[in-house]
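**Q** Enclosed is the structure file final.pdb (PDB, C-alpha atoms and all ligand atoms).
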ATOM      1  CA  MET K  17    -112.333  45.966  20.338
ATOM      2  CA  GLY K  18    -112.968  47.217  23.883
ATOM      3  CA  GLN K  19    -110.643  46.404  26.725
ATOM      4  CA  THR K  20    -111.161  42.891  28.130
ATOM      5  CA  ILE K  21    -110.171  41.651  31.563
ATOM      6  CA  PHE K  22    -106.929  40.373  30.005
ATOM      7  CA  GLY K  23    -106.225  43.799  28.488
ATOM      8  CA  ARG K  24    -106.582  45.267  31.971
ATOM      9  CA  ILE K  25    -104.229  42.643  33.407
ATOM     10  CA  ILE K  26    -101.695  43.341  30.637
ATOM     11  CA  SER K  27    -101.821  47.092  31.360
ATOM     12  CA  GLY K  28    -101.334  46.412  35.081
ATOM     13  CA  GLU K  29    -104.715  47.835  36.035
ATOM     14  CA  ILE K  30    -105.789  44.478  37.492
ATOM     15  CA  PRO K  31    -103.330  42.219  39.364
ATOM     16  CA  ALA K  32    -102.638  38.619  38.397
ATOM     17  CA  ASP K  33    -100.265  35.849  39.431
ATOM     18  CA  LYS K  34     -97.795  36.357  36.571
ATOM     19  CA  LEU K  35     -95.293  33.680  35.535
ATOM     20  CA  LEU K  36     -93.978  35.397  32.416
ATOM     21  CA  ASP K  37     -93.963  38.919  30.999
ATOM     22  CA  THR K  38     -92.189  39.459  27.675
ATOM     23  CA  ASP K  39     -92.413  42.088  24.913
ATOM     24  CA  ASP K  40     -95.334  40.323  23.304
ATOM     25  CA  LEU K  41     -97.032  38.042  25.854
ATOM     26  CA  ILE K  42     -97.789  37.319  29.476
ATOM     27  CA  ALA K  43     -98.528  34.067  31.304
ATOM     28  CA  ILE K  44    -100.738  34.107  34.397
ATOM     29  CA  ARG K  45    -102.334  31.541  36.680
ATOM     30  CA  ASP K  46    -106.006  30.993  35.811
ATOM     31  CA  ILE K  47    -108.320  32.408  38.484
ATOM     32  CA  ASN K  48    -110.622  29.393  38.134
ATOM     33  CA  PRO K  49    -108.210  26.476  37.654
ATOM     34  CA  GLN K  50    -109.454  23.305  35.960
ATOM     35  CA  ALA K  51    -106.307  21.367  36.874
ATOM     36  CA  PRO K  52    -103.655  21.536  39.625
ATOM     37  CA  THR K  53    -101.575  23.619  37.207
ATOM     38  CA  HIS K  54    -103.585  25.929  34.950
ATOM     39  CA  VAL K  55    -101.807  28.801  33.223
ATOM     40  CA  LEU K  56    -103.053  31.204  30.559
ATOM     41  CA  ILE K  57    -100.647  32.411  27.886
ATOM     42  CA  ILE K  58    -101.919  35.698  26.481
ATOM     43  CA  PRO K  59    -100.525  37.830  23.655
ATOM     44  CA  LYS K  60    -100.299  41.537  24.460
ATOM     45  CA  LYS K  61    -101.795  42.250  21.037
ATOM     46  CA  PRO K  62    -105.563  42.328  21.646
ATOM     47  CA  LEU K  63    -106.640  39.693  19.112
ATOM     48  CA  ALA K  64    -110.134  38.458  19.969
ATOM     49  CA  GLY K  65    -109.241  34.892  19.064
ATOM     50  CA  VAL K  66    -107.466  32.675  16.555
ATOM     51  CA  SER K  67    -110.122  33.644  14.004
ATOM     52  CA  SER K  68    -109.097  37.290  14.316
ATOM     53  CA  SER K  69    -105.438  36.569  13.599
ATOM     54  CA  THR K  70    -103.901  36.807  10.135
ATOM     55  CA  VAL K  71    -100.814  35.497   8.426
ATOM     56  CA  LYS K  72     -98.982  38.486   9.955
ATOM     57  CA  ASP K  73     -99.613  37.038  13.415
ATOM     58  CA  GLU K  74     -98.082  33.645  12.742
ATOM     59  CA  VAL K  75     -94.802  34.410  14.525
ATOM     60  CA  LEU K  76     -96.804  35.570  17.525
ATOM     61  CA  LEU K  77     -98.987  32.448  17.402
ATOM     62  CA  GLY K  78     -95.819  30.355  17.391
ATOM     63  CA  ARG K  79     -94.475  32.271  20.391
ATOM     64  CA  LEU K  80     -97.577  31.363  22.387
ATOM     65  CA  LEU K  81     -96.835  27.669  21.861
ATOM     66  CA  GLY K  82     -93.133  28.217  22.507
ATOM     67  CA  ALA K  83     -93.981  29.889  25.815
ATOM     68  CA  ALA K  84     -96.262  26.969  26.659
ATOM     69  CA  ARG K  85     -93.430  24.539  25.973
ATOM     70  CA  GLU K  86     -91.000  26.483  28.187
ATOM     71  CA  LEU K  87     -93.511  26.941  30.996
ATOM     72  CA  ALA K  88     -94.319  23.227  30.910
ATOM     73  CA  VAL K  89     -90.641  22.512  31.562
ATOM     74  CA  GLN K  90     -90.449  25.108  34.358
ATOM     75  CA  LEU K  91     -93.580  23.744  35.976
ATOM     76  CA  GLY K  92     -92.448  20.119  35.740
ATOM     77  CA  LEU K  93     -95.161  19.047  33.309
ATOM     78  CA  ASP K  94     -93.114  18.162  30.260
ATOM     79  CA  LYS K  95     -92.282  14.613  31.296
ATOM     80  CA  VAL K  96     -95.767  13.673  32.514
ATOM     81  CA  GLY K  97     -97.768  15.461  29.844
ATOM     82  CA  TYR K  98    -100.055  18.434  29.688
ATOM     83  CA  ARG K  99    -102.990  19.754  27.736
ATOM     84  CA  LEU K 100    -103.059  22.923  25.624
ATOM     85  CA  VAL K 101    -106.467  24.373  24.770
ATOM     86  CA  ILE K 102    -107.570  27.368  22.738
ATOM     87  CA  ASN K 103    -111.289  28.065  22.843
ATOM     88  CA  ASN K 104    -112.330  30.055  19.783
ATOM     89  CA  GLY K 105    -115.782  31.593  20.006
ATOM     90  CA  GLU K 106    -118.550  31.364  22.577
ATOM     91  CA  SER K 107    -119.878  28.023  21.328
ATOM     92  CA  ALA K 108    -116.401  26.561  21.899
ATOM     93  CA  GLY K 109    -116.387  27.835  25.481
ATOM     94  CA  GLN K 110    -114.482  31.084  25.026
ATOM     95  CA  SER K 111    -115.590  33.524  27.719
ATOM     96  CA  VAL K 112    -112.903  36.218  27.379
ATOM     97  CA  PRO K 113    -112.627  37.616  23.821
ATOM     98  CA  HIS K 114    -108.858  38.055  23.930
ATOM     99  CA  LEU K 115    -106.851  35.176  22.466
ATOM    100  CA  HIS K 116    -105.261  32.904  25.077
ATOM    101  CA  VAL K 117    -103.810  29.417  25.355
ATOM    102  CA  HIS K 118    -104.705  27.285  28.369
ATOM    103  CA  LEU K 119    -101.808  25.191  29.690
ATOM    104  CA  MET K 120    -103.116  22.546  32.091
ATOM    105  CA  GLY K 121    -101.440  19.702  33.893
ATOM    106  CA  GLY K 122    -101.158  17.748  37.095
ATOM    107  CA  ARG K 123    -104.101  15.425  36.502
ATOM    108  CA  GLU K 124    -105.385  12.925  33.950
ATOM    109  CA  PHE K 125    -107.381  14.287  30.992
ATOM    110  CA  SER K 126    -109.933  12.321  29.035
ATOM    111  CA  TRP K 127    -110.483  12.342  25.286
ATOM    112  CA  PRO K 128    -112.798  13.298  23.683
ATOM    113  CA  PRO K 129    -113.151  16.322  26.000
ATOM    114  CA  GLY K 130    -116.968  16.493  25.776
TER
HETATM  115  P1  LIG H   1    -111.981  30.919  28.109
HETATM  116  O1  LIG H   1    -113.231  30.329  28.667
HETATM  117  O2  LIG H   1    -111.223  30.001  27.161
HETATM  118  O3  LIG H   1    -112.241  32.295  27.505
HETATM  119  O4  LIG H   1    -111.012  31.113  29.355
HETATM  120  C1  LIG H   1    -111.003  32.254  30.146
HETATM  121  C2  LIG H   1    -110.284  31.899  31.411
HETATM  122  O5  LIG H   1    -109.905  33.112  32.044
HETATM  123  C3  LIG H   1    -111.119  31.136  32.423
HETATM  124  O6  LIG H   1    -110.527  29.845  32.638
HETATM  125  C4  LIG H   1    -111.058  31.962  33.696
HETATM  126  C5  LIG H   1    -109.946  32.939  33.422
HETATM  127  N1  LIG H   1    -110.137  34.258  33.985
HETATM  128  C6  LIG H   1    -111.224  35.057  33.835
HETATM  129  N2  LIG H   1    -111.050  36.222  34.480
HETATM  130  C7  LIG H   1    -109.810  36.156  35.048
HETATM  131  C8  LIG H   1    -109.057  37.064  35.848
HETATM  132  O7  LIG H   1    -109.471  38.168  36.177
HETATM  133  N3  LIG H   1    -107.825  36.643  36.256
HETATM  134  C9  LIG H   1    -107.312  35.418  35.892
HETATM  135  N4  LIG H   1    -106.093  35.117  36.345
HETATM  136  N5  LIG H   1    -107.996  34.551  35.149
HETATM  137  C10 LIG H   1    -109.241  34.910  34.727
END
What is this file in C-alpha cells?
Ligand code: DGP
**A**
Amino acid sequence: MGQTIFGRIISGEIPADKLLDTDDLIAIRDINPQAPTHVLIIPKKPLAGVSSSTVKDEVLLGRLLGAARELAVQLGLDKVGYRLVINNGESAGQSVPHLHVHLMGGREFSWPPG
C-alpha cells in the first residue's frame, strides 16, 4: 500500500494537532471536524481498513478503542456521551485508506446516521 496522508502524518512529514503518540498509534484532531470535538485515532501499522486486519491485529484493534475511551475522559466527553465511527470502504464514506477511528462529541447525534 502506498503512503497515505495519515502515513505522512505518522512519519512527521506533515504536521497535525496531535493528542497522543504511542508505540502503536497516534490521535490527532480532524482537519474537517464534524463535531465540536473530533479526533482521529490511527494505528501506526498501515492497515487500509478493518477489512485488511487479521486475527493478529486484534490487540491493536482493542488499543484503538482503549485510546478512544481514555481520550473521551481527557476531553470531558465520557459523562455526556460520544460517538465512535469507523468507515470501512469508499461506499461507507472512507476517504483515507488507512484505518482510523473517529471520536466525536460535543453535540447531539441522530440515529440512524443516514
Ligand atoms: P474517512 O472519511 O473516514 O476516511 O475520514 C478521513 C478523515 O480524515 C476526514 O474526516 C478528514 C480527515 N483528514 C483528511 N486529511 C487530513 C489531514 O491532513 N489532517 C487531519 N488532521 N485530518 C485529515
**Q** What's the 12 Å shell around Lys60 (chain K), counting all atoms listed in the file, without same-chain residues fewer than 5 positions away, as a PyMOL selection string?
**A** chain K and resi 19-20+22-28+36-43+73+76-77+79-80+114-116
**Q** For CA of Leu119 (chain K) and CA of Ile57 (chain K), quote the distance in Å rounded to one decimal.
**A**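 It comes out at 7.5 Å.
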**Q** Please identify the residues whose atoms come within 7 Å of ligand LIG 1 (chain H), using all atoms listed in the file, and report them as JSON, numbers by chain.
**A** {"K": [21, 32, 33, 44, 45, 46, 47, 48, 49, 102, 103, 109, 110, 111, 112, 113, 116]}
**Q** Pick out the closest residue to Leu87 (chain K) from this set: K:Trp127, K:Pro62, K:Ala108, K:Leu100. Count only C-alpha atoms.
**A**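 Among K:Trp127, K:Pro62, K:Ala108, K:Leu100, it is K:Leu100 that comes nearest to Leu87 (chain K).
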**Q** Compare K:Gln50, K:Gly122, K:Pro128, K:Ile58 by their minimum atom-to-atom distance to Leu91 (chain K), counting all atoms listed in the file, and give me the closest one.
**A** K:Gly122
**Q** Write out as a list of chain:residue names the residues lying within 12 Å of Asp94 (chain K), counting all atoms listed in the file and excluding same-chain residues fewer than 4 positions away.
**A**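 Here the answer would be K:Ala84, K:Arg85, K:Glu86, K:Leu87, K:Ala88, K:Val89, K:Gln90, K:Tyr98, K:Arg99, K:Leu100, K:Leu119, K:Met120, K:Gly121, K:Gly122.
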**Q** Between CA of Leu56 (chain K) and CA of Leu35 (chain K), measure the distance and give it in Å to one decimal.
**A** 9.5 Å
**Q** Which is closest to Gly92 (chain K) among K:Pro52, K:Phe125, K:Val66, K:Gly105, if we use all atoms listed in the file?
**A** K:Pro52
**Q** By how many Å are CA of Asn104 (chain K) and CA of Gly65 (chain K) apart?
**A**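 Here the two named atoms are 5.8 Å from each other.
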**Q** My list of candidates is K:Val71, K:Gly130, K:Gly97, K:His118. Which is closest to Ala83 (chain K) when distances are computed with only C-alpha atoms?
**A** K:His118
**Q** All heavy atoms are needed for region 91-102 of chain K; please write them out as a PDB file, keeping the file's coordinate frame.
**A**
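As a result, out.pdb now contains:
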ATOM      1  N   LEU K  91     -92.571  24.181  35.015  1.00  0.00           N
ATOM      2  CA  LEU K  91     -93.580  23.744  35.976  1.00  0.00           C
ATOM      3  C   LEU K  91     -93.569  22.225  36.189  1.00  0.00           C
ATOM      4  O   LEU K  91     -94.415  21.677  36.897  1.00  0.00           O
ATOM      5  CB  LEU K  91     -94.971  24.207  35.510  1.00  0.00           C
ATOM      6  CG  LEU K  91     -95.143  25.742  35.463  1.00  0.00           C
ATOM      7  CD1 LEU K  91     -96.400  26.130  34.689  1.00  0.00           C
ATOM      8  CD2 LEU K  91     -95.193  26.323  36.874  1.00  0.00           C
ATOM      9  N   GLY K  92     -92.621  21.557  35.532  1.00  0.00           N
ATOM     10  CA  GLY K  92     -92.448  20.119  35.740  1.00  0.00           C
ATOM     11  C   GLY K  92     -93.512  19.273  35.075  1.00  0.00           C
ATOM     12  O   GLY K  92     -93.796  18.150  35.523  1.00  0.00           O
ATOM     13  N   LEU K  93     -94.086  19.787  33.988  1.00  0.00           N
ATOM     14  CA  LEU K  93     -95.161  19.047  33.309  1.00  0.00           C
ATOM     15  C   LEU K  93     -94.686  18.316  32.063  1.00  0.00           C
ATOM     16  O   LEU K  93     -95.409  17.466  31.524  1.00  0.00           O
ATOM     17  CB  LEU K  93     -96.285  20.009  32.890  1.00  0.00           C
ATOM     18  CG  LEU K  93     -97.015  20.757  34.001  1.00  0.00           C
ATOM     19  CD1 LEU K  93     -97.992  21.761  33.394  1.00  0.00           C
ATOM     20  CD2 LEU K  93     -97.749  19.783  34.912  1.00  0.00           C
ATOM     21  N   ASP K  94     -93.513  18.661  31.581  1.00  0.00           N
ATOM     22  CA  ASP K  94     -93.114  18.162  30.260  1.00  0.00           C
ATOM     23  C   ASP K  94     -92.943  16.655  30.216  1.00  0.00           C
ATOM     24  O   ASP K  94     -93.250  16.021  29.212  1.00  0.00           O
ATOM     25  CB  ASP K  94     -91.846  18.877  29.761  1.00  0.00           C
ATOM     26  CG  ASP K  94     -90.686  18.730  30.727  1.00  0.00           C
ATOM     27  OD1 ASP K  94     -90.906  18.870  31.941  1.00  0.00           O
ATOM     28  OD2 ASP K  94     -89.560  18.463  30.275  1.00  0.00           O
ATOM     29  N   LYS K  95     -92.499  16.060  31.305  1.00  0.00           N
ATOM     30  CA  LYS K  95     -92.282  14.613  31.296  1.00  0.00           C
ATOM     31  C   LYS K  95     -93.599  13.843  31.452  1.00  0.00           C
ATOM     32  O   LYS K  95     -93.762  12.761  30.908  1.00  0.00           O
ATOM     33  CB  LYS K  95     -91.336  14.202  32.435  1.00  0.00           C
ATOM     34  CG  LYS K  95     -89.963  14.860  32.367  1.00  0.00           C
ATOM     35  CD  LYS K  95     -89.079  14.221  31.300  1.00  0.00           C
ATOM     36  CE  LYS K  95     -87.629  14.642  31.423  1.00  0.00           C
ATOM     37  NZ  LYS K  95     -87.409  16.064  31.146  1.00  0.00           N
ATOM     38  N   VAL K  96     -94.531  14.403  32.216  1.00  0.00           N
ATOM     39  CA  VAL K  96     -95.767  13.673  32.514  1.00  0.00           C
ATOM     40  C   VAL K  96     -96.877  13.973  31.513  1.00  0.00           C
ATOM     41  O   VAL K  96     -97.838  13.210  31.399  1.00  0.00           O
ATOM     42  CB  VAL K  96     -96.277  13.973  33.944  1.00  0.00           C
ATOM     43  CG1 VAL K  96     -95.381  13.328  34.981  1.00  0.00           C
ATOM     44  CG2 VAL K  96     -96.420  15.454  34.208  1.00  0.00           C
ATOM     45  N   GLY K  97     -96.751  15.087  30.812  1.00  0.00           N
ATOM     46  CA  GLY K  97     -97.768  15.461  29.844  1.00  0.00           C
ATOM     47  C   GLY K  97     -98.630  16.615  30.324  1.00  0.00           C
ATOM     48  O   GLY K  97     -98.728  16.877  31.529  1.00  0.00           O
ATOM     49  N   TYR K  98     -99.206  17.281  29.375  1.00  0.00           N
ATOM     50  CA  TYR K  98    -100.055  18.434  29.688  1.00  0.00           C
ATOM     51  C   TYR K  98    -101.006  18.657  28.527  1.00  0.00           C
ATOM     52  O   TYR K  98    -100.822  18.100  27.442  1.00  0.00           O
ATOM     53  CB  TYR K  98     -99.211  19.691  29.959  1.00  0.00           C
ATOM     54  CG  TYR K  98     -98.175  20.010  28.894  1.00  0.00           C
ATOM     55  CD1 TYR K  98     -98.488  20.796  27.791  1.00  0.00           C
ATOM     56  CD2 TYR K  98     -96.871  19.518  29.001  1.00  0.00           C
ATOM     57  CE1 TYR K  98     -97.534  21.098  26.835  1.00  0.00           C
ATOM     58  CE2 TYR K  98     -95.912  19.814  28.046  1.00  0.00           C
ATOM     59  CZ  TYR K  98     -96.250  20.616  26.973  1.00  0.00           C
ATOM     60  OH  TYR K  98     -95.301  20.898  26.018  1.00  0.00           O
ATOM     61  N   ARG K  99    -102.013  19.451  28.784  1.00  0.00           N
ATOM     62  CA  ARG K  99    -102.990  19.754  27.736  1.00  0.00           C
ATOM     63  C   ARG K  99    -102.939  21.239  27.410  1.00  0.00           C
ATOM     64  O   ARG K  99    -102.925  22.083  28.313  1.00  0.00           O
ATOM     65  CB  ARG K  99    -104.405  19.363  28.179  1.00  0.00           C
ATOM     66  CG  ARG K  99    -105.456  19.692  27.114  1.00  0.00           C
ATOM     67  CD  ARG K  99    -106.779  19.018  27.381  1.00  0.00           C
ATOM     68  NE  ARG K  99    -106.715  17.591  27.053  1.00  0.00           N
ATOM     69  CZ  ARG K  99    -107.747  16.766  27.117  1.00  0.00           C
ATOM     70  NH1 ARG K  99    -108.938  17.218  27.477  1.00  0.00           N
ATOM     71  NH2 ARG K  99    -107.607  15.482  26.813  1.00  0.00           N
ATOM     72  N   LEU K 100    -102.945  21.548  26.109  1.00  0.00           N
ATOM     73  CA  LEU K 100    -103.059  22.923  25.624  1.00  0.00           C
ATOM     74  C   LEU K 100    -104.419  23.069  24.968  1.00  0.00           C
ATOM     75  O   LEU K 100    -104.813  22.224  24.158  1.00  0.00           O
ATOM     76  CB  LEU K 100    -101.958  23.230  24.607  1.00  0.00           C
ATOM     77  CG  LEU K 100    -100.522  23.107  25.117  1.00  0.00           C
ATOM     78  CD1 LEU K 100     -99.539  23.351  23.979  1.00  0.00           C
ATOM     79  CD2 LEU K 100    -100.268  24.093  26.249  1.00  0.00           C
ATOM     80  N   VAL K 101    -105.128  24.142  25.316  1.00  0.00           N
ATOM     81  CA  VAL K 101    -106.467  24.373  24.770  1.00  0.00           C
ATOM     82  C   VAL K 101    -106.579  25.832  24.328  1.00  0.00           C
ATOM     83  O   VAL K 101    -106.133  26.735  25.043  1.00  0.00           O
ATOM     84  CB  VAL K 101    -107.548  24.082  25.845  1.00  0.00           C
ATOM     85  CG1 VAL K 101    -108.928  24.521  25.366  1.00  0.00           C
ATOM     86  CG2 VAL K 101    -107.563  22.603  26.217  1.00  0.00           C
ATOM     87  N   ILE K 102    -107.168  26.023  23.153  1.00  0.00           N
ATOM     88  CA  ILE K 102    -107.570  27.368  22.738  1.00  0.00           C
ATOM     89  C   ILE K 102    -109.053  27.291  22.398  1.00  0.00           C
ATOM     90  O   ILE K 102    -109.442  26.575  21.468  1.00  0.00           O
ATOM     91  CB  ILE K 102    -106.799  27.859  21.496  1.00  0.00           C
ATOM     92  CG1 ILE K 102    -105.300  27.896  21.763  1.00  0.00           C
ATOM     93  CG2 ILE K 102    -107.299  29.247  21.078  1.00  0.00           C
ATOM     94  CD1 ILE K 102    -104.463  28.266  20.535  1.00  0.00           C
TER      95      ILE K 102
END
